[in-house]
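Chemist: My questions will all concern the structure given below.
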Amino acid sequence: MVGVGKQARSASRLIARADTGTKNRALTAMAQAIERTATTLLEANARDVEAAKRKNLDLALIDRLTLTTRTIEEMADGLMQIARLPDPIGEILGLKYRPSGIQVGQMRVPLGVVGIIYESRPNVTADAAGLCLKAGNAAILRGGSEAIQSNQAIAACVHEGLKAVGLPESVVQVIETTDRAAVGELITMQDYVDVIVPRGGKGLIERLMRESRIPMIKHLHGVCHVYIDDRADFDKAIRVADNAKTQRLGTCNTMETLLVARGIAEKILPPLCRIYLEKGIELRGDEAARKIVPQMRPASEDDWFTEYLDAILSVRVVEGIEQAIEHITTYGSQHTDAIVTEDLTRARRFLAEVDSSSVMVNASTRFADGYEYGLGAEIGISTDKLHARGPVGLEGLTSLKYIVFGDGHIRT
């Protein structure tokens with residue numbers, strides 16, 4: 001791991017000075033390699049999925065692990081989107097003259113070496129490689145052991161793209177060992193790694209929070225809410241609340257708690273819960289919700305705090321927007337929360353008072369994603385309040401330094 005760190009530090013100086021054209025050609029070559037080797041990628045992924053099933057890993061993990069023709073196309077398209085985005089490196093912001101005559105501004109620069117630790121999702125290998133490359137960073141990627149075959153196959157495409165433009169493979173290194181000790185080394189290599197980005201379950205991130213000596217961009221878990229206001233459009237509310245839960249169960253932006261205003265609850269809960277039950281969703285409700293839909297199990301206090309990543313949904317009837325915001329503040333994880341309403345004043349209040357990294361009006365929480373936000377891809381979601389927040393794209397992988405222009409100026 002020390003050898004990997006040394007190579008990454010050396011590579012970070014090369015990629016930091018690479019011009020935009022070189023980086024974009026590398027990204028294009030990576031995307032073309034992924035498209036050309038789609039069959040190979042699917043075969044490698046099938047071996048990982050089969051191994052995961054033999055180990056009886058949970059269904060949510062297997063869902064995140066599985067690649068399809070569509071997800072491979074999205075990986076390639078994500079790299080092309082990154083190539084089309086403006087290069088942030090070298091951008092000068094806020095250049096102003098000071099009374100002394102000097103000009104002071106800020107320049108956007110790479111972070112340096114970024115270590116990404118992730119579980120299950122092989123697409124992170126391509127997304128992270130592409131974003132780090134475009135932002136001028138070297139990357140050390142340590143994927144989960146359950147995705148080792150998939151990650152190595154995608155890494156081959158990444159390295160093909162780097163070689164096509166004369167950049168060393170050490171610009172993006174994918175750790176080949178599945179030994180958990182490699183993670184312990186990576187998160188303590190302060191001389192070689194500038195920031196750690198964990199993408200995985202709560203257990204992984206809690207471990208890194210305890211042990212890491214390197215700053216992190218992270219979120220612990222995603223307890224996401226949809227609040228249906230009593231001034232919501234009925235059809236919009238049904239569509240949004242259905243999609244937010246059932247479009248994909250095992251993601252951090254999936255709704256885990258549905259809040260419904262009392263004034264609309266008796267009208268909307270029966271048809272909406274019928275959809276959930278038909279799709280195999282287990283419902284856990286408070287007393288008011290269970291009176292309307294008796295098939296619900298009683299919700300416990302712990303349910304309101306829980307990120308299920310599974311076919312389970314908590315449901316609560318609230319008096320209105322005040323109680324909905326109070327619930328989200330008490331039980332939420334500051335990830336993604338949405339309101340469905342036709343009342344602009346209430347929508348603006350929700351946007352202002354809900355302190356989450358993404359807050360939405362009349363849209364599914366499933367949109368909280370770098371690809372959907374036009375970032376090309378994301379290296380992760382951040383619920384931190386310093387440096388980067390929400391889906392972390394190119395700008396989140398850069399920093400700012402002050403620059404000064406003078407003409408022989410001296411301080412008196």
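Residues are named by chain letter and number: chains run A, B, ... in the order of the structure tokens, numbers start at 1 in each chain, and ligands are numbered from 1 in the order shown.
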Considering only C-alpha atoms, give me a table of residues in segment 246-284 of chain A that are at most 10 Å from segment 351-369 of chain A, with the closest atom pair and distance in Å for each, as CSV.

Modeler:
residue,atom,partner,partner_atom,distance
A:Thr246,CA,A:Arg366,CA,9.8
A:Gln247,CA,A:Arg366,CA,7.9
A:Arg248,CA,A:Arg366,CA,8.3
A:Thr251,CA,A:Arg366,CA,8.4
A:Cys252,CA,A:Arg366,CA,8.7
A:Asn253,CA,A:Arg366,CA,5.3
A:Thr254,CA,A:Arg366,CA,5.8
A:Met255,CA,A:Thr365,CA,6.6

Chemist: Give me, as a VMD selection string, all polymer residues having an atom no more than 8 Å from Trp304 of chain A, counting only C-alpha atoms and skipping those fewer than 4 positions away in the same chain.

Modeler: chain A and resid 257 299 to 300 314 331

Chemist: Determine the nearest neighbour of Tyr192 of chain A from the options A:Lys6, A:Arg207, A:Lys53, A:Arg36, counting only C-alpha atoms.

Modeler: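 Nearest to Tyr192 of chain A: A:Lys6.
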
Chemist: For the structure I just gave you, how does DSSP split segment 70-191 of chain A - specifically, which residues are helix (DSSP H, G or I)? Reply as a PyMOL selection string.

Modeler: chain A and resi 70-84+123-134+145-164+169-171+181-186

Chemist: Excluding same-chain residues fewer than 5 positions from Glu282 of chain A, what lies within 12 Å of it counting only C-alpha atoms, as a list in words?

Modeler: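 Listing them by chain and then by number gives Lys245, Thr246, Glu256, Cys273, Arg274, Ile275, Tyr276, Leu277, Gln295, Met296, Arg297, Pro298, Ala299, Tyr308, Asp310, Ala311, Ile312, Leu313, Ser314 and Val315 of chain A.
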
Chemist: Identify all residues of segment 55-178 of chain A in strand (DSSP E or B) (DSSP on the backbone) and supply them as JSON, numbers by chain.

Modeler: {"A": [92, 93, 94, 95, 96, 97, 103, 104, 105, 106, 107, 108, 109, 110, 113, 114, 115, 116, 117, 118, 138, 139, 140, 141, 142, 172, 173, 174]}

Chemist: Could you take the residues named above and write them with C-alpha atoms, as a PDB file, in the first residue's frame?

Modeler:
ATOM      1  CA  ILE A  92      -9.756  32.002 -11.564  1.00  0.00           C
ATOM      2  CA  LEU A  93     -12.541  33.391  -9.386  1.00  0.00           C
ATOM      3  CA  GLY A  94     -13.166  36.831  -7.929  1.00  0.00           C
ATOM      4  CA  LEU A  95     -10.017  38.569  -9.158  1.00  0.00           C
ATOM      5  CA  LYS A  96     -10.117  42.090  -7.680  1.00  0.00           C
ATOM      6  CA  TYR A  97      -7.779  45.035  -7.200  1.00  0.00           C
ATOM      7  CA  GLN A 103      -4.908  41.835  -7.652  1.00  0.00           C
ATOM      8  CA  VAL A 104      -6.205  39.022  -5.407  1.00  0.00           C
ATOM      9  CA  GLY A 105      -8.308  36.086  -6.524  1.00  0.00           C
ATOM     10  CA  GLN A 106      -8.719  32.332  -6.126  1.00  0.00           C
ATOM     11  CA  MET A 107      -7.691  29.548  -8.491  1.00  0.00           C
ATOM     12  CA  ARG A 108      -9.356  26.142  -8.631  1.00  0.00           C
ATOM     13  CA  VAL A 109      -6.813  23.352  -8.180  1.00  0.00           C
ATOM     14  CA  PRO A 110      -6.869  19.544  -7.718  1.00  0.00           C
ATOM     15  CA  VAL A 113      -4.561  12.027  -4.320  1.00  0.00           C
ATOM     16  CA  VAL A 114      -8.092  10.784  -3.647  1.00  0.00           C
ATOM     17  CA  GLY A 115      -8.701   7.397  -2.032  1.00  0.00           C
ATOM     18  CA  ILE A 116     -12.112   5.888  -2.707  1.00  0.00           C
ATOM     19  CA  ILE A 117     -13.346   2.929  -0.649  1.00  0.00           C
ATOM     20  CA  TYR A 118     -16.573   1.397  -1.881  1.00  0.00           C
ATOM     21  CA  ALA A 138      -4.705  10.714  -8.942  1.00  0.00           C
ATOM     22  CA  ALA A 139      -7.021   8.039  -7.569  1.00  0.00           C
ATOM     23  CA  ILE A 140      -6.587   4.935  -5.435  1.00  0.00           C
ATOM     24  CA  LEU A 141      -9.717   2.781  -5.701  1.00  0.00           C
ATOM     25  CA  ARG A 142     -10.448  -0.011  -3.254  1.00  0.00           C
ATOM     26  CA  VAL A 172      -5.844   5.433 -11.392  1.00  0.00           C
ATOM     27  CA  GLN A 173      -4.870   2.418  -9.315  1.00  0.00           C
ATOM     28  CA  VAL A 174      -7.441  -0.236  -8.445  1.00  0.00           C
TER      29      VAL A 174
END

Chemist: Which residues are close to Gly380 of chain A, i.e. within 8 Å by only C-alpha atoms, leaving aside same-chain residues fewer than 5 positions away? Reply as a PyMOL selection string.

Modeler: chain A and resi 197-199+218+391-392

Chemist: Please produce a file of the residues just selected, as an mmCIF file, in the first residue's frame, where the atoms kept are all heavy atoms.

Modeler:
data_model
loop_
_atom_site.group_PDB
_atom_site.id
_atom_site.type_symbol
_atom_site.label_atom_id
_atom_site.label_comp_id
_atom_site.auth_asym_id
_atom_site.auth_seq_id
_atom_site.Cartn_x
_atom_site.Cartn_y
_atom_site.Cartn_z
ATOM 1 N N VAL A 197 -12.834 9.114 0.253
ATOM 2 C CA VAL A 197 -14.266 9.125 -0.047
ATOM 3 C C VAL A 197 -14.798 7.712 0.155
ATOM 4 O O VAL A 197 -14.499 6.816 -0.632
ATOM 5 C CB VAL A 197 -14.547 9.591 -1.492
ATOM 6 C CG1 VAL A 197 -16.058 9.615 -1.748
ATOM 7 C CG2 VAL A 197 -13.929 10.951 -1.750
ATOM 8 N N PRO A 198 -15.558 7.474 1.235
ATOM 9 C CA PRO A 198 -16.145 6.151 1.434
ATOM 10 C C PRO A 198 -17.523 6.048 0.792
ATOM 11 O O PRO A 198 -18.350 6.951 0.930
ATOM 12 C CB PRO A 198 -16.238 6.044 2.957
ATOM 13 C CG PRO A 198 -16.400 7.460 3.433
ATOM 14 C CD PRO A 198 -15.770 8.351 2.391
ATOM 15 N N ARG A 199 -17.756 4.976 0.086
ATOM 16 C CA ARG A 199 -19.088 4.688 -0.467
ATOM 17 C C ARG A 199 -19.444 3.265 -0.073
ATOM 18 O O ARG A 199 -18.925 2.307 -0.641
ATOM 19 C CB ARG A 199 -19.113 4.827 -1.989
ATOM 20 C CG ARG A 199 -19.011 6.249 -2.476
ATOM 21 C CD ARG A 199 -19.359 6.369 -3.948
ATOM 22 N NE ARG A 199 -20.738 6.002 -4.214
ATOM 23 C CZ ARG A 199 -21.316 6.144 -5.416
ATOM 24 N NH1 ARG A 199 -20.635 6.637 -6.414
ATOM 25 N NH2 ARG A 199 -22.571 5.797 -5.578
ATOM 26 N N LYS A 218 -18.173 12.272 2.986
ATOM 27 C CA LYS A 218 -18.935 11.069 3.308
ATOM 28 C C LYS A 218 -20.398 11.387 3.597
ATOM 29 O O LYS A 218 -20.777 12.539 3.798
ATOM 30 C CB LYS A 218 -18.340 10.406 4.562
ATOM 31 C CG LYS A 218 -18.529 11.284 5.803
ATOM 32 C CD LYS A 218 -17.855 10.742 7.015
ATOM 33 C CE LYS A 218 -18.174 11.581 8.238
ATOM 34 N NZ LYS A 218 -17.891 13.014 8.090
ATOM 35 N N PRO A 391 -24.476 15.404 -4.166
ATOM 36 C CA PRO A 391 -23.665 14.630 -5.109
ATOM 37 C C PRO A 391 -22.350 15.350 -5.389
ATOM 38 O O PRO A 391 -22.335 16.543 -5.696
ATOM 39 C CB PRO A 391 -24.550 14.561 -6.367
ATOM 40 C CG PRO A 391 -25.947 14.743 -5.855
ATOM 41 C CD PRO A 391 -25.823 15.695 -4.698
ATOM 42 N N VAL A 392 -21.235 14.630 -5.256
ATOM 43 C CA VAL A 392 -19.912 15.234 -5.398
ATOM 44 C C VAL A 392 -19.390 14.964 -6.801
ATOM 45 O O VAL A 392 -19.052 13.831 -7.145
ATOM 46 C CB VAL A 392 -18.933 14.687 -4.336
ATOM 47 C CG1 VAL A 392 -17.554 15.328 -4.498
ATOM 48 C CG2 VAL A 392 -19.480 14.941 -2.942
#

Chemist: Hey, which of A:Glu211, A:Asp87, A:Glu160, A:Glu50 ends up closest to Glu146 of chain A? Count only C-alpha atoms.

Modeler: A:Glu50

Chemist: Please, what distance in Å, to one decimal, runs between atom CA of Ala377 of chain A and atom CA of Leu133 of chain A?

Modeler: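 Atom CA of Ala377 of chain A sits 12.4 Å away from atom CA of Leu133 of chain A.
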
Chemist: Within 7 Å of Ala261 of chain A, counting only C-alpha atoms, which residues qualify if same-chain residues fewer than 3 places away don't, as a list in words?

Modeler: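 Near neighbours after the sequence-gap exclusion: Ile228, Asp229, Asp230, Ile264, Ala265, Val317, Val318, Glu319 and Gly320 of chain A.
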
Chemist: Take the residues from that selection and write them out as a compact mmCIF listing (two decimals), in the first residue's frame, keeping C-alpha atoms.

Modeler:
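Result written to result.txt:
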# COMPACT_ATOMS: atom_id res chain seq x y z
CA ILE A 228 -47.37 14.75 0.73
CA ASP A 229 -48.96 18.07 1.58
CA ASP A 230 -52.74 18.52 1.74
CA ILE A 264 -55.31 14.21 2.42
CA ALA A 265 -54.42 10.97 4.21
CA VAL A 317 -49.74 10.90 9.25
CA VAL A 318 -48.74 14.44 10.27
CA GLU A 319 -50.84 17.52 10.95
CA GLY A 320 -49.15 19.55 8.23

Chemist: Find the residue from A:Glu206, A:Val195, A:Arg231, A:Glu378 that sits nearest to Met75 of chain A; use only C-alpha atoms when measuring.

Modeler: A:Glu378

Chemist: So which residues touch Gly201 of chain A within 10 Å, counting only C-alpha atoms, skipping near sequence neighbours fewer than 4 positions away, as a ChimeraX atom specification?

Modeler: /A:61,118-120,205-206,219-221,252

Chemist: Those residues you just picked out, can you put them in a file as a short mmCIF file (atom, residue, chain, number, x, y, z; two decimals), in the first residue's frame with N, CA, C and O atoms?

Modeler:
data_model
loop_
_atom_site.label_atom_id
_atom_site.label_comp_id
_atom_site.auth_asym_id
_atom_site.auth_seq_id
_atom_site.Cartn_x
_atom_site.Cartn_y
_atom_site.Cartn_z
N LEU A 61 -27.58 -5.89 -1.60
CA LEU A 61 -26.18 -5.86 -2.04
C LEU A 61 -26.05 -6.45 -3.44
O LEU A 61 -25.34 -5.90 -4.29
N TYR A 118 -15.17 1.61 -1.53
CA TYR A 118 -16.57 1.40 -1.88
C TYR A 118 -16.92 -0.08 -1.86
O TYR A 118 -16.05 -0.94 -1.96
N GLU A 119 -18.21 -0.33 -1.72
CA GLU A 119 -18.72 -1.69 -1.66
C GLU A 119 -19.72 -1.92 -2.78
O GLU A 119 -20.44 -1.01 -3.17
N SER A 120 -19.71 -3.09 -3.30
CA SER A 120 -20.79 -3.60 -4.17
C SER A 120 -20.85 -3.00 -5.57
O SER A 120 -20.95 -3.74 -6.54
N ILE A 205 -18.56 2.99 6.96
CA ILE A 205 -18.32 4.41 7.20
C ILE A 205 -18.08 4.68 8.68
O ILE A 205 -17.23 5.50 9.04
N GLU A 206 -18.78 3.97 9.57
CA GLU A 206 -18.50 4.12 11.00
C GLU A 206 -17.07 3.72 11.33
O GLU A 206 -16.40 4.36 12.14
N HIS A 219 -21.21 10.33 3.59
CA HIS A 219 -22.49 10.36 4.28
C HIS A 219 -22.67 9.02 4.97
O HIS A 219 -22.23 7.99 4.47
N LEU A 220 -23.27 9.08 6.16
CA LEU A 220 -23.38 7.87 6.97
C LEU A 220 -24.51 6.98 6.50
O LEU A 220 -24.35 5.77 6.35
N HIS A 221 -25.69 7.56 6.26
CA HIS A 221 -26.81 6.77 5.77
C HIS A 221 -27.86 7.71 5.17
O HIS A 221 -27.78 8.92 5.33
N CYS A 252 -29.15 4.78 -1.58
CA CYS A 252 -29.21 5.72 -0.46
C CYS A 252 -30.20 6.84 -0.69
O CYS A 252 -30.56 7.55 0.25
#
